[in-house]
Amino acid sequence: MNLKKYFIRALHRLQKGPGYTYKELLVWYCDNTNTHGPKRIIKEGPKKKLIWFFLTLLFASLVFWQWGILINTYLSYNVTSSLSIGFKTMKFPAVTVCNANPYKYSEVKPLLKELDRLIDAALERILQPTPGNSSENTSAPLDLELWYQIPLVLIDEHDKDNPVILDIFETNQTAGGIQTPTDTPTQEKKYKLAVKLCSHPGSDNCTYRNFTSAAQAVTEWYILQSTSILSKVPLQERIRMGYQAEDMILACLYGAEPCNYKNFTQIYHPDHGNCYIFNWGMDEEALNSSNPGAEFGLKLILDISQQDYIPYLSSAAGARLMLHQQKSFPFLKDQGIYAMAGTETSIGVLVDELERMGYPYSDCTMNGSDVPVKNLYSQYNTSYSIQACLRSCFQNDMIEICGCGHYMFPLPQGVNYCNNEDYPGWAYCYSSLRSSIRHRQICIDSCKETCNDTQYKMTISMADWPSEASEDWIFHILSYERDMSTNVTLDRNGIIKLNIYFQEYNYRTISESAATTV
C-alpha cells in the first residue's frame, strides 16, 4: 500500500512539475546526508568550506577511480588457475601403434620399381663412380618421363653469385660423373642437391627446394614421387600392402588379462600405413586402470619386419606409437614417439587434464561446432581437435587453390588426390601453399583450442631386449607361435617390447575459474 501511495505522489509531482530548484535539492541533500564532507561544506565558514570541498572532491575522485579499476578488471575476464595432483581410477589411454614403414617392400615394389631404378641411377651419377663401373648401360632404359615430372637437379655453388643448375640426366653427362664446362677440379666444387618444382611442364615458373644434405633431398623427392603413385591405388589395396595385425602384434597382456590383435582397431594412416589402436572406445567401453605400475598396464611384443622396409622411403626403423583420448584421431607424425627395435621400452604415464573457461574468458570451443572450418576427420567419428582443424583447413585450401587434395589428409566427397599425370603442377602448388605464412595464419586464426583437453606426459626408459643370454629361447618361442616353425624367423632388428602404465601419481588437473565475480 505504501509503495502504491509513493508512485501516486511521484506521478502527481511529475504532472505539477518540480517543487524545488536544483540548488534547493542540493542544499537539502548536503544538510541531510550522513557523509561528513557535503554537510560541512554548507555549514562551516569560508576557509573550512574550501578545505572540506577539496577533501570531498579528492576522496570522491578516488572512489570513482577504484570503481573504474574494478569494472575494467571484471570486463577483462581474467582467470585464475588451480592445480590438483593425485591418483584415482581413470580410463586407460587409447594406444596407437604403427610401423615406421607404411608398406611391405615386397608388396609395393612393382609400383615403385621404376622410381627405385631412377634414384639408383641418379645417385650413381651424383656420387661419380669410376668410369665403366656403372650398371646403367646394361639395364633397361630409364623412365625419364617419370623423372622430369619432379626432377632432382644439382646446383653448383662454386660461384655463389652465378650458381649453375645441372640436370643429372643430361646427355652430355656420363655415368663417370657430372661434367661441367669449367676446368676447376671436381673436388673443389660445391654442389647442392635440389628438388625442382614447376607450375606446369615446360614452364619457367619454377622453384628449387635445396637442402643442406643430399640425403634430405633424396627422401623429400622420393616422398613426393611415391605420393603421386600411391594416391592412385585404391584404399583396400593399400591396406593389403601394409603390415597386418596378426603379423605385427605377437603378444599382448593388459594387467593380468591376456589380449591379442583382435582387441585392436585397425585404421589406415597415410604416413604409417596400417595402424592399430588399443582401447579406442569406439565399439566397446573403455578400460579402466585403478593401480599404478607396470604390472597393471599394457604389455606388447611387436614385430616390425625391418628386412621388408622401403629403402628410400623409411630411413628410420622402429614402431611409432601414441597415447591419446578415446574416440580421438591419432596424429602420430606430430605427437607420436618412436620405440627402437631390439629394446624393451617402458612408458610411465601422467595425465594432464586441462579445463579452460569458455567465452568470454577464452576463445575455446566445446566440440568444434562453432569453428568455421569443415572437419574432414569427422568421417572417422572422432572428436574435434585443433590438429584435425588445422589439417582440414590446409586440405580445403589445397583443394580450392590446387584443384586436388593431398594424399596425407582425408578427402571430401567428389575430390581426387593429386598425382603427376592428372595434376602436373600439384607439387609446386603444394610447396607454395605449405610455405605461405598468410594461409597458415588464416588457418591458425580459424581454428580454436578445445575447452577441455587431455594430454599424456610420458616418462620413457629403455633397455636391450632380449638379452644375449635369453635371445635364443625367446626367438624360438616367438617364431614358433607366429609361423609354426622350429626355425628362428625373428631377430632383434625387428622385435620391440613395450610396457605402458600409470605412474604413482596418475593425474594432474589444471582448471580455470573467474578471477573476478559479481
# chains A, B, ... in the order shown; residues from 1 in each chain; ligands from 1

$ closest_atom_pairs --of "region 30-146 of chain A" --to "region 322-330 of chain A" --cutoff "10 Å" --atoms "only C-alpha atoms" --output "CSV"
residue,atom,partner,partner_atom,distance
A:Lys91,CA,A:Gln326,CA,8.8
A:Phe92,CA,A:Gln325,CA,8.8
A:Pro93,CA,A:Gln325,CA,5.8
A:Ala94,CA,A:His324,CA,5.3
A:Val95,CA,A:Leu323,CA,4.8
A:Thr96,CA,A:Met322,CA,5.3
A:Val97,CA,A:Met322,CA,6.8
A:Cys98,CA,A:Met322,CA,9.0

$ residues_around --residues "His200 (chain A)" --least-positions-apart "5" --cutoff "12 Å" --atoms "only C-alpha atoms" --output "number ranges by chain"
A: 148-150, 205-207, 402, 420-429

$ write_last_selection --atoms "N, CA and C atoms" --output "mmCIF file, in the first residue's frame"
data_model
loop_
_atom_site.group_PDB
_atom_site.id
_atom_site.type_symbol
_atom_site.label_atom_id
_atom_site.label_comp_id
_atom_site.auth_asym_id
_atom_site.auth_seq_id
_atom_site.Cartn_x
_atom_site.Cartn_y
_atom_site.Cartn_z
ATOM 1 N N TYR A 148 61.277 -36.417 -65.050
ATOM 2 C CA TYR A 148 61.131 -34.993 -65.327
ATOM 3 C C TYR A 148 59.798 -34.415 -64.830
ATOM 4 N N GLN A 149 58.914 -35.251 -64.324
ATOM 5 C CA GLN A 149 57.710 -34.702 -63.680
ATOM 6 C C GLN A 149 58.090 -33.917 -62.426
ATOM 7 N N ILE A 150 58.984 -34.483 -61.621
ATOM 8 C CA ILE A 150 59.535 -33.781 -60.449
ATOM 9 C C ILE A 150 61.019 -34.152 -60.410
ATOM 10 N N ASN A 205 58.279 -20.909 -64.644
ATOM 11 C CA ASN A 205 57.845 -20.544 -63.293
ATOM 12 C C ASN A 205 58.134 -21.716 -62.355
ATOM 13 N N CYS A 206 59.368 -21.791 -61.913
ATOM 14 C CA CYS A 206 59.832 -22.931 -61.116
ATOM 15 C C CYS A 206 60.476 -22.436 -59.825
ATOM 16 N N THR A 207 60.497 -23.317 -58.873
ATOM 17 C CA THR A 207 61.201 -23.055 -57.622
ATOM 18 C C THR A 207 62.087 -24.251 -57.310
ATOM 19 N N CYS A 402 44.746 -25.665 -55.601
ATOM 20 C CA CYS A 402 45.450 -26.593 -56.488
ATOM 21 C C CYS A 402 44.515 -27.486 -57.294
ATOM 22 N N ASN A 420 50.872 -36.786 -60.533
ATOM 23 C CA ASN A 420 51.628 -36.094 -61.579
ATOM 24 C C ASN A 420 50.936 -36.114 -62.938
ATOM 25 N N GLU A 421 50.173 -37.165 -63.218
ATOM 26 C CA GLU A 421 49.548 -37.274 -64.535
ATOM 27 C C GLU A 421 48.346 -36.332 -64.677
ATOM 28 N N ASP A 422 47.457 -36.347 -63.710
ATOM 29 C CA ASP A 422 46.227 -35.548 -63.815
ATOM 30 C C ASP A 422 46.420 -34.110 -63.367
ATOM 31 N N TYR A 423 47.353 -33.873 -62.472
ATOM 32 C CA TYR A 423 47.598 -32.522 -61.948
ATOM 33 C C TYR A 423 49.108 -32.266 -61.955
ATOM 34 N N PRO A 424 49.687 -31.964 -63.144
ATOM 35 C CA PRO A 424 51.154 -31.901 -63.275
ATOM 36 C C PRO A 424 51.830 -30.893 -62.348
ATOM 37 N N GLY A 425 51.155 -29.803 -62.002
ATOM 38 C CA GLY A 425 51.790 -28.786 -61.166
ATOM 39 C C GLY A 425 51.437 -28.870 -59.698
ATOM 40 N N TRP A 426 50.944 -30.021 -59.265
ATOM 41 C CA TRP A 426 50.439 -30.108 -57.884
ATOM 42 C C TRP A 426 51.570 -29.930 -56.854
ATOM 43 N N ALA A 427 52.760 -30.483 -57.135
ATOM 44 C CA ALA A 427 53.856 -30.399 -56.161
ATOM 45 C C ALA A 427 54.306 -28.948 -55.970
ATOM 46 N N TYR A 428 54.342 -28.169 -57.083
ATOM 47 C CA TYR A 428 54.694 -26.750 -56.992
ATOM 48 C C TYR A 428 53.642 -25.994 -56.181
ATOM 49 N N CYS A 429 52.376 -26.294 -56.442
ATOM 50 C CA CYS A 429 51.274 -25.644 -55.721
ATOM 51 C C CYS A 429 51.306 -26.016 -54.243
#

$ residues_around --residues "region 50-58 of chain A" --least-positions-apart "6" --cutoff "12 Å" --atoms "only C-alpha atoms" --output "PyMOL selection string"
chain A and resi 30+35-44+64-65

$ residues_around --residues "Asp464 (chain A)" --least-positions-apart "5" --cutoff "7 Å" --atoms "only C-alpha atoms" --output "PDB file with C-alpha atoms, in the first residue's frame"
ATOM      1  CA  GLY A 342      65.807 -54.688 -30.086  1.00  0.00           C
ATOM      2  CA  THR A 343      64.733 -52.853 -26.929  1.00  0.00           C
ATOM      3  CA  GLU A 344      62.206 -53.029 -24.117  1.00  0.00           C
TER       4      GLU A 344
END

$ residues_around --residues "Asp334 (chain A)" --least-positions-apart "4" --cutoff "12 Å" --atoms "only C-alpha atoms" --output "MDAnalysis selection string"
chainID A and resid 271 320:322 330 338 387:388 391

$ write_last_selection --atoms "N, CA and C atoms" --output "PDB file, in the first residue's frame"
ATOM      1  N   ASP A 271      50.767 -41.784 -43.408  1.00  0.00           N
ATOM      2  CA  ASP A 271      52.201 -41.741 -43.103  1.00  0.00           C
ATOM      3  C   ASP A 271      52.757 -43.101 -42.726  1.00  0.00           C
ATOM      4  N   ARG A 320      56.097 -46.693 -34.325  1.00  0.00           N
ATOM      5  CA  ARG A 320      55.609 -45.351 -33.982  1.00  0.00           C
ATOM      6  C   ARG A 320      54.376 -45.534 -33.116  1.00  0.00           C
ATOM      7  N   LEU A 321      54.365 -44.914 -31.940  1.00  0.00           N
ATOM      8  CA  LEU A 321      53.215 -45.095 -31.056  1.00  0.00           C
ATOM      9  C   LEU A 321      52.798 -43.765 -30.456  1.00  0.00           C
ATOM     10  N   MET A 322      51.543 -43.726 -30.028  1.00  0.00           N
ATOM     11  CA  MET A 322      50.982 -42.506 -29.462  1.00  0.00           C
ATOM     12  C   MET A 322      49.903 -42.862 -28.454  1.00  0.00           C
ATOM     13  N   PRO A 330      44.503 -40.230 -33.915  1.00  0.00           N
ATOM     14  CA  PRO A 330      45.927 -40.131 -33.545  1.00  0.00           C
ATOM     15  C   PRO A 330      46.740 -39.433 -34.638  1.00  0.00           C
ATOM     16  N   TYR A 338      58.904 -42.739 -31.167  1.00  0.00           N
ATOM     17  CA  TYR A 338      59.452 -43.974 -31.716  1.00  0.00           C
ATOM     18  C   TYR A 338      59.856 -44.917 -30.587  1.00  0.00           C
ATOM     19  N   GLN A 387      44.403 -30.105 -34.036  1.00  0.00           N
ATOM     20  CA  GLN A 387      45.206 -30.701 -35.104  1.00  0.00           C
ATOM     21  C   GLN A 387      44.329 -31.092 -36.287  1.00  0.00           C
ATOM     22  N   ALA A 388      43.158 -31.671 -35.990  1.00  0.00           N
ATOM     23  CA  ALA A 388      42.240 -32.040 -37.066  1.00  0.00           C
ATOM     24  C   ALA A 388      41.768 -30.806 -37.809  1.00  0.00           C
ATOM     25  N   ARG A 391      44.664 -29.365 -40.135  1.00  0.00           N
ATOM     26  CA  ARG A 391      44.882 -30.186 -41.325  1.00  0.00           C
ATOM     27  C   ARG A 391      43.699 -30.121 -42.276  1.00  0.00           C
TER      28      ARG A 391
END

$ residues_around --residues "Lys192 (chain A)" --least-positions-apart "6" --cutoff "10 Å" --atoms "only C-alpha atoms" --output "ChimeraX atom specification"
/A:153-157,165,210-214,217

$ write_last_selection --atoms "C-alpha atoms" --output "CSV table (one decimal), in the first residue's frame"
chain,number,residue,atom,x,y,z
A,153,VAL,CA,69.0,-31.2,-60.0
A,154,LEU,CA,72.5,-30.3,-58.9
A,155,ILE,CA,73.2,-26.7,-58.0
A,156,ASP,CA,76.9,-25.8,-58.5
A,157,GLU,CA,77.6,-23.0,-55.9
A,165,ILE,CA,71.9,-25.6,-62.3
A,210,ASN,CA,67.5,-27.2,-51.9
A,211,PHE,CA,68.8,-29.0,-48.8
A,212,THR,CA,72.0,-29.0,-46.8
A,213,SER,CA,72.3,-32.8,-47.2
A,214,ALA,CA,71.6,-34.9,-50.3
A,217,ALA,CA,66.8,-34.1,-50.8

$ closest_residue --among "A:Ile267, A:Leu75, A:Leu152, A:Ala245" --to "Asp303 (chain A)" --atoms "only C-alpha atoms"
A:Ala245

$ select_by_dssp --residues "region 248-496 of chain A" --states "strand (DSSP E)" --output "PyMOL selection string"
chain A and resi 249-254+257-259+264-269+273-278+288-289+298-303+319-324+337-339+343-355+452-464+495-496

$ residues_around --residues "Ala122 (chain A)" --least-positions-apart "2" --cutoff "10 Å" --atoms "only C-alpha atoms" --output "list in words"
Asp116, Arg117, Leu118, Ile119, Asp120, Glu124, Arg125, Ile126, Leu127, Gln128, Glu136, Trp147, Leu152, Val153, Ile168, Phe169, Ala175 and Val218 of chain A

$ closest_residue --among "A:Phe59, A:Tyr222, A:Tyr29, A:Tyr380" --to "Leu313 (chain A)" --atoms "only C-alpha atoms"
A:Tyr222

$ select_by_dssp --residues "region 109-316 of chain A" --states "alpha helix (DSSP H)" --output "ChimeraX atom specification"
/A:109-127,144-149,214-230,235-241,245-248

$ write_last_selection --atoms "N, CA and C atoms" --output "short mmCIF file (atom, residue, chain, number, x, y, z; two decimals), in the first residue's frame"
data_model
loop_
_atom_site.label_atom_id
_atom_site.label_comp_id
_atom_site.auth_asym_id
_atom_site.auth_seq_id
_atom_site.Cartn_x
_atom_site.Cartn_y
_atom_site.Cartn_z
N LYS A 109 56.76 -53.13 -54.22
CA LYS A 109 57.89 -52.99 -55.14
C LYS A 109 57.48 -52.87 -56.61
N PRO A 110 56.49 -53.62 -57.10
CA PRO A 110 56.11 -53.44 -58.51
C PRO A 110 55.66 -52.02 -58.84
N LEU A 111 55.05 -51.33 -57.88
CA LEU A 111 54.60 -49.96 -58.13
C LEU A 111 55.76 -48.97 -58.12
N LEU A 112 56.79 -49.26 -57.31
CA LEU A 112 57.90 -48.32 -57.13
C LEU A 112 59.16 -48.74 -57.88
N LYS A 113 59.04 -49.76 -58.73
CA LYS A 113 60.22 -50.31 -59.40
C LYS A 113 60.94 -49.25 -60.22
N GLU A 114 60.19 -48.53 -61.09
CA GLU A 114 60.82 -47.51 -61.95
C GLU A 114 61.37 -46.35 -61.13
N LEU A 115 60.68 -46.02 -60.05
CA LEU A 115 61.15 -44.94 -59.19
C LEU A 115 62.48 -45.32 -58.54
N ASP A 116 62.60 -46.56 -58.10
CA ASP A 116 63.84 -47.03 -57.47
C ASP A 116 64.98 -47.06 -58.48
N ARG A 117 64.69 -47.48 -59.71
CA ARG A 117 65.73 -47.51 -60.74
C ARG A 117 66.22 -46.09 -61.05
N LEU A 118 65.31 -45.15 -61.08
CA LEU A 118 65.69 -43.76 -61.35
C LEU A 118 66.60 -43.20 -60.27
N ILE A 119 66.24 -43.40 -59.02
CA ILE A 119 67.04 -42.82 -57.95
C ILE A 119 68.38 -43.56 -57.82
N ASP A 120 68.41 -44.86 -58.12
CA ASP A 120 69.68 -45.58 -58.12
C ASP A 120 70.63 -45.01 -59.17
N ALA A 121 70.09 -44.80 -60.39
CA ALA A 121 70.92 -44.26 -61.47
C ALA A 121 71.36 -42.83 -61.16
N ALA A 122 70.46 -42.05 -60.58
CA ALA A 122 70.80 -40.66 -60.25
C ALA A 122 71.90 -40.61 -59.20
N LEU A 123 71.82 -41.47 -58.20
CA LEU A 123 72.85 -41.48 -57.16
C LEU A 123 74.19 -41.95 -57.71
N GLU A 124 74.15 -42.88 -58.68
CA GLU A 124 75.40 -43.29 -59.32
C GLU A 124 76.09 -42.10 -59.98
N ARG A 125 75.32 -41.27 -60.66
CA ARG A 125 75.90 -40.10 -61.33
C ARG A 125 76.35 -39.05 -60.32
N ILE A 126 75.54 -38.86 -59.27
CA ILE A 126 75.89 -37.83 -58.28
C ILE A 126 77.16 -38.20 -57.53
N LEU A 127 77.28 -39.48 -57.17
CA LEU A 127 78.43 -39.93 -56.39
C LEU A 127 79.66 -40.20 -57.25
N LEU A 144 62.49 -41.70 -68.07
CA LEU A 144 62.83 -40.30 -67.80
C LEU A 144 61.60 -39.40 -67.78
N GLU A 145 60.50 -39.86 -68.37
CA GLU A 145 59.27 -39.07 -68.28
C GLU A 145 58.82 -38.96 -66.83
N LEU A 146 58.94 -40.04 -66.09
CA LEU A 146 58.63 -40.02 -64.66
C LEU A 146 59.61 -39.10 -63.92
N TRP A 147 60.87 -39.14 -64.31
CA TRP A 147 61.89 -38.31 -63.65
C TRP A 147 61.59 -36.83 -63.82
N TYR A 148 61.28 -36.42 -65.05
CA TYR A 148 61.13 -34.99 -65.33
C TYR A 148 59.80 -34.41 -64.83
N GLN A 149 58.91 -35.25 -64.32
CA GLN A 149 57.71 -34.70 -63.68
C GLN A 149 58.09 -33.92 -62.43
N ALA A 214 72.28 -34.14 -49.20
CA ALA A 214 71.65 -34.86 -50.30
C ALA A 214 70.69 -35.93 -49.79
N ALA A 215 70.95 -36.46 -48.59
CA ALA A 215 70.06 -37.48 -48.02
C ALA A 215 68.66 -36.90 -47.81
N GLN A 216 68.59 -35.64 -47.33
CA GLN A 216 67.29 -35.00 -47.15
C GLN A 216 66.59 -34.77 -48.48
N ALA A 217 67.35 -34.36 -49.50
CA ALA A 217 66.76 -34.09 -50.81
C ALA A 217 66.21 -35.36 -51.43
N VAL A 218 66.97 -36.46 -51.33
CA VAL A 218 66.51 -37.74 -51.90
C VAL A 218 65.23 -38.20 -51.22
N THR A 219 65.19 -38.09 -49.88
CA THR A 219 63.99 -38.51 -49.14
C THR A 219 62.78 -37.66 -49.53
N GLU A 220 62.94 -36.34 -49.62
CA GLU A 220 61.83 -35.46 -49.98
C GLU A 220 61.35 -35.75 -51.39
N TRP A 221 62.29 -35.94 -52.32
CA TRP A 221 61.93 -36.25 -53.71
C TRP A 221 61.17 -37.57 -53.79
N TYR A 222 61.65 -38.57 -53.07
CA TYR A 222 61.02 -39.88 -53.11
C TYR A 222 59.61 -39.84 -52.53
N ILE A 223 59.43 -39.05 -51.46
CA ILE A 223 58.10 -38.93 -50.85
C ILE A 223 57.12 -38.28 -51.84
N LEU A 224 57.56 -37.22 -52.53
CA LEU A 224 56.68 -36.56 -53.50
C LEU A 224 56.31 -37.50 -54.64
N GLN A 225 57.29 -38.22 -55.16
CA GLN A 225 57.03 -39.11 -56.29
C GLN A 225 56.17 -40.31 -55.87
N SER A 226 56.50 -40.91 -54.73
CA SER A 226 55.71 -42.07 -54.28
C SER A 226 54.30 -41.66 -53.89
N THR A 227 54.14 -40.44 -53.37
CA THR A 227 52.80 -39.93 -53.06
C THR A 227 51.94 -39.89 -54.31
N SER A 228 52.53 -39.42 -55.41
CA SER A 228 51.79 -39.38 -56.68
C SER A 228 51.39 -40.77 -57.14
N ILE A 229 52.29 -41.74 -56.97
CA ILE A 229 52.00 -43.11 -57.42
C ILE A 229 50.95 -43.77 -56.54
N LEU A 230 51.13 -43.67 -55.22
CA LEU A 230 50.24 -44.39 -54.30
C LEU A 230 48.87 -43.74 -54.19
N LEU A 235 42.13 -47.71 -51.66
CA LEU A 235 42.41 -47.82 -50.24
C LEU A 235 42.56 -49.27 -49.79
N GLN A 236 41.69 -50.15 -50.23
CA GLN A 236 41.76 -51.54 -49.79
C GLN A 236 43.06 -52.21 -50.23
N GLU A 237 43.56 -51.81 -51.39
CA GLU A 237 44.82 -52.37 -51.87
C GLU A 237 45.99 -51.85 -51.04
N ARG A 238 45.92 -50.58 -50.63
CA ARG A 238 46.97 -50.02 -49.77
C ARG A 238 46.96 -50.71 -48.40
N ILE A 239 45.77 -51.00 -47.89
CA ILE A 239 45.67 -51.73 -46.62
C ILE A 239 46.27 -53.12 -46.75
N ARG A 240 46.03 -53.77 -47.88
CA ARG A 240 46.56 -55.12 -48.09
C ARG A 240 48.09 -55.10 -48.16
N MET A 241 48.66 -54.04 -48.72
CA MET A 241 50.11 -53.96 -48.86
C MET A 241 50.82 -53.61 -47.56
N ALA A 245 47.73 -57.02 -38.63
CA ALA A 245 47.77 -57.08 -37.16
C ALA A 245 48.30 -58.41 -36.66
N GLU A 246 47.87 -59.51 -37.28
CA GLU A 246 48.28 -60.82 -36.79
C GLU A 246 49.78 -61.07 -37.00
N ASP A 247 50.40 -60.35 -37.95
CA ASP A 247 51.84 -60.49 -38.17
C ASP A 247 52.65 -59.53 -37.30
N MET A 248 52.07 -58.38 -36.99
CA MET A 248 52.81 -57.34 -36.28
C MET A 248 52.70 -57.48 -34.76
#

$ closest_atom_pairs --of "region 293-412 of chain A" --to "region 485-507 of chain A" --cutoff "8 Å" --atoms "only C-alpha atoms" --output "tab-separated table"
residue	atom	partner	partner_atom	distance
A:Gly293	CA	A:Tyr501	CA	5.8
A:Ala294	CA	A:Tyr501	CA	5.2
A:Glu295	CA	A:Tyr501	CA	7.9
A:Phe296	CA	A:Tyr501	CA	6.7
A:Gly297	CA	A:Tyr501	CA	4.2
A:Leu298	CA	A:Ile500	CA	5.1
A:Lys299	CA	A:Asn499	CA	4.7
A:Leu300	CA	A:Leu498	CA	5.0
A:Ile301	CA	A:Lys497	CA	4.5
A:Leu302	CA	A:Ile496	CA	5.1
A:Asp303	CA	A:Ile495	CA	4.8
A:Ile304	CA	A:Gly494	CA	5.0
A:Ser305	CA	A:Gly494	CA	5.1
A:Gln306	CA	A:Gly494	CA	5.4
A:Gln307	CA	A:Gly494	CA	7.9
A:Gly318	CA	A:Gly494	CA	7.7
A:Ala319	CA	A:Ile496	CA	7.7
A:Ala339	CA	A:Ile496	CA	7.2
A:Met340	CA	A:Ile496	CA	6.8
A:Ala341	CA	A:Ile496	CA	5.1
A:Gly342	CA	A:Arg492	CA	4.5
A:Thr343	CA	A:Ile496	CA	5.7
A:Glu344	CA	A:Lys497	CA	4.5
A:Thr345	CA	A:Leu498	CA	5.0
A:Ser346	CA	A:Asn499	CA	4.6
A:Ile347	CA	A:Ile500	CA	4.8
A:Gly348	CA	A:Tyr501	CA	5.3
A:Val349	CA	A:Phe502	CA	4.7
A:Leu350	CA	A:Asn506	CA	4.7
A:Val351	CA	A:Tyr507	CA	4.5
A:Asp352	CA	A:Tyr507	CA	6.0
A:Glu353	CA	A:Tyr507	CA	7.3

$ closest_residue --among "A:Pro201, A:Gly358, A:Pro292, A:Gly336" --to "Met90 (chain A)" --atoms "only C-alpha atoms"
A:Pro292

$ closest_residue --among "A:Asn396, A:Thr450, A:Ser383, A:Ser431" --to "Thr365 (chain A)" --atoms "only C-alpha atoms"
A:Thr450
